[in-house]
>>> print(open('target11.tsv').read())   # TSV, C-alpha atoms and all ligand atoms
chain	number	residue	atom	x	y	z
A	1	MET	CA	15.10	1.82	-30.24
A	2	SER	CA	15.90	0.06	-27.00
A	3	LEU	CA	13.20	-1.59	-24.96
A	4	LEU	CA	13.51	1.17	-22.36
A	5	GLN	CA	13.09	3.90	-24.93
A	6	THR	CA	10.04	2.14	-26.31
A	7	LEU	CA	8.54	1.91	-22.84
A	8	VAL	CA	9.24	5.57	-22.14
A	9	SER	CA	7.60	6.75	-25.32
A	10	ALA	CA	4.65	4.45	-24.62
A	11	GLY	CA	4.35	6.08	-21.22
A	12	ALA	CA	4.55	9.58	-22.66
A	13	ALA	CA	1.93	8.75	-25.28
A	14	ALA	CA	-0.36	7.32	-22.66
A	15	LEU	CA	0.09	10.46	-20.56
A	16	MET	CA	-0.93	12.62	-23.47
A	17	THR	CA	-4.03	10.72	-24.45
A	18	LEU	CA	-5.12	9.19	-21.17
A	19	SER	CA	-7.52	7.11	-23.17
A	20	ALA	CA	-4.79	4.64	-24.01
A	21	PRO	CA	-5.46	1.35	-22.25
A	22	LEU	CA	-3.63	1.46	-18.96
A	23	ASP	CA	-2.63	-2.17	-19.28
A	24	THR	CA	-0.13	-1.20	-22.00
A	25	LEU	CA	1.87	-0.10	-18.96
A	26	ALA	CA	0.85	-2.94	-16.67
A	27	PRO	CA	2.10	-2.22	-13.17
A	28	GLN	CA	5.22	-4.11	-12.31
A	29	ASN	CA	4.61	-3.43	-8.67
A	30	ASP	CA	4.35	-6.19	-6.19
A	31	VAL	CA	0.78	-6.88	-5.11
A	32	SER	CA	2.02	-6.61	-1.53
A	33	GLY	CA	3.50	-3.14	-2.13
A	34	THR	CA	1.50	0.03	-1.44
A	35	LEU	CA	1.35	1.20	-5.07
A	36	PHE	CA	-0.35	-1.79	-6.65
A	37	LEU	CA	-3.07	-0.64	-9.01
A	38	VAL	CA	-6.45	-2.32	-8.76
A	39	ASN	CA	-9.36	-1.41	-10.99
A	40	ARG	CA	-11.52	-3.19	-13.55
A	41	GLN	CA	-8.57	-3.55	-15.94
A	42	ASN	CA	-6.03	-4.55	-13.31
A	43	THR	CA	-7.54	-7.20	-11.13
A	44	ILE	CA	-6.21	-9.29	-8.25
A	45	THR	CA	-6.35	-13.07	-8.26
A	46	GLU	CA	-8.84	-14.96	-6.16
A	47	ALA	CA	-6.00	-16.45	-4.12
A	48	TYR	CA	-4.51	-13.15	-2.96
A	49	GLU	CA	-4.93	-12.42	0.72
A	50	PRO	CA	-2.60	-10.05	2.57
A	51	GLU	CA	-0.49	-11.75	5.24
A	52	ASP	CA	-0.41	-8.93	7.75
A	53	LEU	CA	-4.06	-8.07	8.33
A	54	VAL	CA	-4.84	-6.57	11.75
A	55	GLU	CA	-7.86	-4.92	13.38
A	56	ALA	CA	-7.41	-1.13	13.30
A	57	GLN	CA	-8.02	0.22	16.79
A	58	VAL	CA	-10.69	2.73	15.78
A	59	SER	CA	-14.46	3.11	16.22
A	60	GLY	CA	-16.57	1.40	13.61
A	61	SER	CA	-16.95	-1.92	11.84
A	62	VAL	CA	-15.01	-4.12	9.40
A	63	ARG	CA	-11.79	-2.70	10.76
A	64	ARG	CA	-9.29	-5.12	9.28
A	65	MET	CA	-6.49	-3.66	7.15
A	66	ARG	CA	-2.83	-4.37	6.54
A	67	ALA	CA	-0.75	-3.43	9.59
A	68	GLU	CA	0.89	-0.33	8.10
A	69	ALA	CA	-2.41	1.04	6.82
A	70	ALA	CA	-4.21	0.27	10.08
A	71	ALA	CA	-1.61	2.20	12.10
A	72	ALA	CA	-1.92	5.15	9.72
A	73	LEU	CA	-5.71	5.05	10.00
A	74	GLU	CA	-5.50	5.13	13.78
A	75	GLU	CA	-3.27	8.22	13.60
A	76	MET	CA	-5.58	9.90	11.12
A	77	PHE	CA	-8.71	9.37	13.21
A	78	ALA	CA	-6.90	10.55	16.35
A	79	ALA	CA	-5.70	13.70	14.59
A	80	CYS	CA	-9.20	14.43	13.31
A	81	ARG	CA	-10.55	14.13	16.83
A	82	GLU	CA	-7.84	16.39	18.20
A	83	GLU	CA	-8.18	19.03	15.52
A	84	THR	CA	-11.95	19.08	15.05
A	85	ARG	CA	-13.51	17.12	17.96
A	86	LEU	CA	-15.24	14.96	15.33
A	87	THR	CA	-15.25	11.17	15.42
A	88	LEU	CA	-14.51	9.36	12.20
A	89	ILE	CA	-15.51	5.72	11.99
A	90	SER	CA	-14.45	2.80	9.85
A	91	VAL	CA	-17.27	1.40	7.73
A	92	SER	CA	-15.55	-1.17	5.54
A	93	GLY	CA	-11.91	-2.21	5.31
A	94	TYR	CA	-10.51	-5.53	4.08
A	95	ARG	CA	-12.79	-7.68	1.94
A	96	SER	CA	-11.78	-11.07	0.58
A	97	TRP	CA	-12.34	-12.07	-3.03
A	98	SER	CA	-15.23	-14.33	-2.06
A	99	LYS	CA	-16.86	-11.65	0.08
A	100	GLN	CA	-16.64	-9.25	-2.88
A	101	ASN	CA	-18.04	-11.99	-5.10
A	102	ASN	CA	-21.06	-12.40	-2.80
A	103	ILE	CA	-21.76	-8.66	-2.94
A	104	TRP	CA	-21.32	-8.70	-6.71
A	105	GLN	CA	-23.62	-11.70	-7.28
A	106	ARG	CA	-26.31	-10.16	-5.09
A	107	LYS	CA	-26.12	-6.89	-7.03
A	108	LEU	CA	-26.17	-8.78	-10.36
A	109	ARG	CA	-29.37	-10.57	-9.38
A	110	SER	CA	-30.99	-7.30	-8.30
A	111	VAL	CA	-30.37	-5.77	-11.75
A	112	LYS	CA	-31.45	-8.87	-13.71
A	113	LYS	CA	-27.86	-9.84	-14.64
A	114	ASN	CA	-27.13	-6.55	-16.35
A	115	VAL	CA	-23.35	-6.42	-15.87
A	116	GLU	CA	-23.01	-2.77	-16.95
A	117	LYS	CA	-25.67	-1.70	-14.52
A	118	ALA	CA	-24.19	-3.76	-11.69
A	119	GLN	CA	-20.78	-2.18	-12.30
A	120	GLU	CA	-22.19	1.25	-11.64
A	121	TYR	CA	-22.60	0.26	-8.03
A	122	VAL	CA	-20.26	-2.59	-7.20
A	123	ALA	CA	-16.81	-3.76	-8.24
A	124	PRO	CA	-16.64	-7.31	-9.60
A	125	PRO	CA	-14.51	-9.70	-7.51
A	126	GLY	CA	-10.81	-9.00	-8.03
A	127	ALA	CA	-11.48	-5.39	-9.04
A	128	SER	CA	-11.86	-3.97	-5.55
A	129	GLU	CA	-9.05	-2.23	-3.69
A	130	HIS	CA	-10.58	-3.54	-0.50
A	131	GLN	CA	-9.02	-6.94	-1.28
A	132	LEU	CA	-5.58	-5.34	-0.95
A	133	GLY	CA	-6.26	-4.50	2.68
A	134	LEU	CA	-5.23	-0.93	1.87
A	135	ALA	CA	-8.65	0.69	1.41
A	136	MET	CA	-11.06	1.97	4.02
A	137	ASP	CA	-14.55	3.35	3.62
A	138	ILE	CA	-14.79	6.09	6.21
A	139	GLY	CA	-17.79	7.69	7.86
A	140	GLN	CA	-18.49	10.30	10.49
A	141	LYS	CA	-20.13	9.08	13.67
A	142	SER	CA	-23.94	9.42	13.57
A	143	LYS	CA	-23.95	10.80	10.02
A	144	ALA	CA	-24.96	9.08	6.80
A	145	HIS	CA	-22.18	7.03	5.30
A	146	LEU	CA	-21.42	5.41	1.96
A	147	THR	CA	-23.42	8.19	0.33
A	148	GLU	CA	-22.35	11.41	-1.36
A	149	ALA	CA	-23.71	13.25	1.69
A	150	PHE	CA	-20.62	12.13	3.60
A	151	GLY	CA	-18.54	14.43	1.39
A	152	LYS	CA	-20.47	17.39	2.75
A	153	THR	CA	-20.06	16.53	6.42
A	154	GLU	CA	-17.31	18.22	8.43
A	155	GLY	CA	-15.64	14.84	8.89
A	156	GLY	CA	-15.83	14.10	5.18
A	157	LYS	CA	-14.27	17.44	4.29
A	158	TRP	CA	-11.56	17.04	6.89
A	159	ALA	CA	-10.72	13.55	5.67
A	160	ARG	CA	-10.46	14.68	2.08
A	161	GLU	CA	-8.21	17.62	2.92
A	162	ASN	CA	-5.99	15.85	5.42
A	163	CYS	CA	-5.80	12.17	4.46
A	164	TRP	CA	-2.51	12.62	2.60
A	165	ARG	CA	-0.75	13.59	5.86
A	166	PHE	CA	-1.29	9.98	6.97
A	167	GLY	CA	-0.55	8.26	3.68
A	168	PHE	CA	-4.08	8.04	2.26
A	169	ILE	CA	-5.59	9.40	-0.93
A	170	LEU	CA	-9.19	10.04	-1.91
A	171	ARG	CA	-9.40	7.55	-4.73
A	172	TYR	CA	-12.57	8.43	-6.65
A	173	ALA	CA	-13.10	12.18	-6.98
A	174	GLU	CA	-16.03	13.64	-8.94
A	175	GLU	CA	-13.99	14.77	-11.91
A	176	TRP	CA	-12.03	11.53	-12.34
A	177	GLU	CA	-14.88	9.17	-13.13
A	178	GLU	CA	-13.80	8.51	-16.72
A	179	ILE	CA	-10.29	7.57	-15.67
A	180	THR	CA	-10.95	5.61	-12.50
A	181	GLY	CA	-14.10	3.93	-13.81
A	182	TYR	CA	-15.86	4.62	-10.53
A	183	LYS	CA	-18.41	7.20	-9.55
A	184	PHE	CA	-17.59	9.79	-6.89
A	185	GLU	CA	-17.02	8.06	-3.57
A	186	PRO	CA	-16.18	10.67	-0.92
A	187	TRP	CA	-15.88	7.86	1.64
A	188	HIS	CA	-13.31	5.61	-0.06
A	189	PHE	CA	-9.68	6.19	0.93
A	190	ARG	CA	-6.68	4.23	-0.28
A	191	TYR	CA	-3.42	3.87	1.60
A	192	VAL	CA	-0.28	4.40	-0.50
A	193	GLY	CA	2.21	5.56	2.16
A	194	ARG	CA	3.03	9.11	3.30
A	195	GLU	CA	5.63	9.99	0.71
A	196	TYR	CA	3.51	9.02	-2.26
A	197	ALA	CA	0.27	10.35	-0.79
A	198	LYS	CA	1.80	13.82	-0.53
A	199	GLU	CA	3.01	13.68	-4.13
A	200	ILE	CA	-0.34	12.46	-5.43
A	201	HIS	CA	-2.21	15.03	-3.36
A	202	ASP	CA	0.02	17.85	-4.60
A	203	ALA	CA	-0.34	16.69	-8.20
A	204	GLY	CA	-4.15	16.65	-7.86
A	205	ILE	CA	-4.57	13.80	-10.34
A	206	PRO	CA	-6.09	10.31	-10.20
A	207	PHE	CA	-3.93	7.41	-9.00
A	208	GLU	CA	-4.03	5.85	-12.48
A	209	THR	CA	-2.61	9.00	-14.07
A	210	TRP	CA	-0.04	9.48	-11.37
A	211	LEU	CA	1.17	5.88	-11.75
A	212	ILE	CA	1.82	6.42	-15.45
A	213	ARG	CA	3.80	9.55	-14.61
A	214	TYR	CA	5.66	7.70	-11.85
A	215	ARG	CA	6.65	4.82	-14.10
A	216	THR	CA	7.65	7.17	-16.89
A	217	ASP	CA	9.88	9.09	-14.48
A	218	LEU	CA	11.39	5.84	-13.24
A	219	LEU	CA	12.16	4.69	-16.75
A	220	THR	CA	13.51	8.08	-17.78
A	221	GLY	CA	15.79	7.97	-14.76
A	222	LEU	CA	17.01	4.54	-15.74
A	223	LEU	CA	17.63	5.70	-19.30
A	224	GLU	CA	19.61	8.70	-18.14
A	225	GLU	CA	21.67	6.56	-15.80
A	226	GLY	CA	22.35	4.24	-18.70
A	227	THR	CA	23.67	7.04	-20.95
A	228	GLU	CA	25.93	8.69	-18.37
A	301	ZN	ZN	-14.54	1.47	-0.69
>>> encode(input="target11.tsv", output="structure tokens")
Amino acid sequence: MSLLQTLVSAGAAALMTLSAPLDTLAPQNDVSGTLFLVNRQNTITEAYEPEDLVEAQVSGSVRRMRAEAAAALEEMFAACREETRLTLISVSGYRSWSKQNNIWQRKLRSVKKNVEKAQEYVAPPGASEHQLGLAMDIGQKSKAHLTEAFGKTEGGKWARENCWRFGFILRYAEEWEEITGYKFEPWHFRYVGREYAKEIHDAGIPFETWLIRYRTDLLTGLLEEGTE
């Protein structure tokens, strides 16, 4: 069996079981690309900081994101306003490794160093998509944010249904908790680019699962090319 064939069957097996450790198919993507996977198994190094961070020109706080994601966020918020008259706000965009570490250490102390318990609420440093500069926690103006209640607001519903049009995906849906490792976060959106966001939205599956499918398709394509 060639290396490619081995990789393809590994991908297919992982697709079937989903419980297979995702790092058996470690993402080969560039950390500066829009498809880089970050979760508790696939972490980013302390040194990584995106080079093209800008302030998104939107209402809200912590508005820094990578340039491409910031532009898409601006378009998304403008479209929401135009279509619904509602104002979405940024709550939390880019976070450095050390900022995430501060949040993590504070949470750890508050739960008497119980790592499992702390992980229910906060990502350890290196395990947060916010360090990529491609994630934004979104709220609706004068409504509760960073709570499940946001998912029930008009703005929250609009964002969930329409984010893909601007290249974002809802990253942590209710039914994906076992795969993503995170509880439902109706406020957390991840930028992947328009083309991929549409595909992932249409597939209706978690990013982790979609990435396995994507890599398997890539490898299958390569194999087929090789045999022509
Ligand atoms: Zn978030």
>>> residues_near_ligand(input="target11.tsv", ligand="ligand ZN 301 (chain A)", cutoff="12 Å", atoms="only C-alpha atoms and all ligand atoms", output="VMD selection string")
chain A and resid 39 62 90 to 95 100 121 to 123 127 to 139 145 to 147 169 to 172 182 to 191
>>> closest_residue(input="target11.tsv", among="A:Glu49, A:Asp30, A:Glu154, A:Glu55", to="Arg81 of chain A", atoms="all atoms listed in the file")
A:Glu154
>>> residues_near_point(input="target11.tsv", point="(2.8, 7.3, -7.8)", cutoff="7 Å", atoms="all atoms listed in the file", output="PyMOL selection string")
chain A and resi 35+196+200+207+210-211+214
>>> residues_near_point(input="target11.tsv", point="(-6.2, 16.5, 15.6)", cutoff="12 Å", atoms="all atoms listed in the file", output="JSON, numbers by chain")
{"A": [74, 75, 76, 77, 78, 79, 80, 81, 82, 83, 84, 85, 86, 87, 88, 155, 158, 159, 162, 163, 165, 166]}
>>> atom_distance(input="target11.tsv", atom1="atom CA of Thr43 of chain A", atom2="atom CA of Pro124 of chain A")
9.2 Å
>>> closest_residue(input="target11.tsv", among="A:Leu219, A:Val38, A:Val192, A:Val111", to="Arg66 of chain A", atoms="all atoms listed in the file")
A:Val192
>>> atom_distance(input="target11.tsv", atom1="atom CA of Gly60 of chain A", atom2="atom CA of Ala72 of chain A")
15.6 Å
>>> closest_residue(input="target11.tsv", among="A:Gly221, A:Glu174, A:Gly167, A:Ala118", to="Lys198 of chain A", atoms="all atoms listed in the file")
A:Gly167
>>> decode(input="target11.tsv", residues="segment 36-48 of chain A", atoms="N, CA and C atoms", output="PDB file, in the first residue's frame")
ATOM      1  N   PHE A  36      -6.892  26.349   9.401  1.00  0.00           N
ATOM      2  CA  PHE A  36      -6.088  25.728  10.454  1.00  0.00           C
ATOM      3  C   PHE A  36      -6.972  25.335  11.633  1.00  0.00           C
ATOM      4  N   LEU A  37      -6.843  24.080  12.038  1.00  0.00           N
ATOM      5  CA  LEU A  37      -7.685  23.570  13.123  1.00  0.00           C
ATOM      6  C   LEU A  37      -7.043  23.848  14.477  1.00  0.00           C
ATOM      7  N   VAL A  38      -7.816  24.471  15.347  1.00  0.00           N
ATOM      8  CA  VAL A  38      -7.352  24.680  16.724  1.00  0.00           C
ATOM      9  C   VAL A  38      -8.407  24.144  17.678  1.00  0.00           C
ATOM     10  N   ASN A  39      -7.979  23.218  18.512  1.00  0.00           N
ATOM     11  CA  ASN A  39      -8.810  22.740  19.609  1.00  0.00           C
ATOM     12  C   ASN A  39      -7.853  22.187  20.669  1.00  0.00           C
ATOM     13  N   ARG A  40      -8.375  21.422  21.625  1.00  0.00           N
ATOM     14  CA  ARG A  40      -7.476  20.994  22.705  1.00  0.00           C
ATOM     15  C   ARG A  40      -6.427  19.999  22.229  1.00  0.00           C
ATOM     16  N   GLN A  41      -6.702  19.310  21.114  1.00  0.00           N
ATOM     17  CA  GLN A  41      -5.708  18.359  20.588  1.00  0.00           C
ATOM     18  C   GLN A  41      -4.727  19.045  19.645  1.00  0.00           C
ATOM     19  N   ASN A  42      -5.196  20.057  18.971  1.00  0.00           N
ATOM     20  CA  ASN A  42      -4.366  20.764  17.979  1.00  0.00           C
ATOM     21  C   ASN A  42      -4.146  22.192  18.455  1.00  0.00           C
ATOM     22  N   THR A  43      -3.037  22.384  19.120  1.00  0.00           N
ATOM     23  CA  THR A  43      -2.822  23.692  19.736  1.00  0.00           C
ATOM     24  C   THR A  43      -1.846  24.549  18.913  1.00  0.00           C
ATOM     25  N   ILE A  44      -1.841  25.830  19.214  1.00  0.00           N
ATOM     26  CA  ILE A  44      -0.926  26.763  18.546  1.00  0.00           C
ATOM     27  C   ILE A  44       0.208  27.076  19.517  1.00  0.00           C
ATOM     28  N   THR A  45       1.368  27.363  18.979  1.00  0.00           N
ATOM     29  CA  THR A  45       2.508  27.660  19.846  1.00  0.00           C
ATOM     30  C   THR A  45       2.357  29.038  20.487  1.00  0.00           C
ATOM     31  N   GLU A  46       3.066  29.200  21.562  1.00  0.00           N
ATOM     32  CA  GLU A  46       3.033  30.468  22.293  1.00  0.00           C
ATOM     33  C   GLU A  46       3.507  31.619  21.397  1.00  0.00           C
ATOM     34  N   ALA A  47       4.430  31.313  20.502  1.00  0.00           N
ATOM     35  CA  ALA A  47       5.033  32.373  19.684  1.00  0.00           C
ATOM     36  C   ALA A  47       4.113  32.885  18.576  1.00  0.00           C
ATOM     37  N   TYR A  48       3.094  32.103  18.213  1.00  0.00           N
ATOM     38  CA  TYR A  48       2.309  32.515  17.045  1.00  0.00           C
ATOM     39  C   TYR A  48       1.472  33.763  17.291  1.00  0.00           C
TER      40      TYR A  48
END
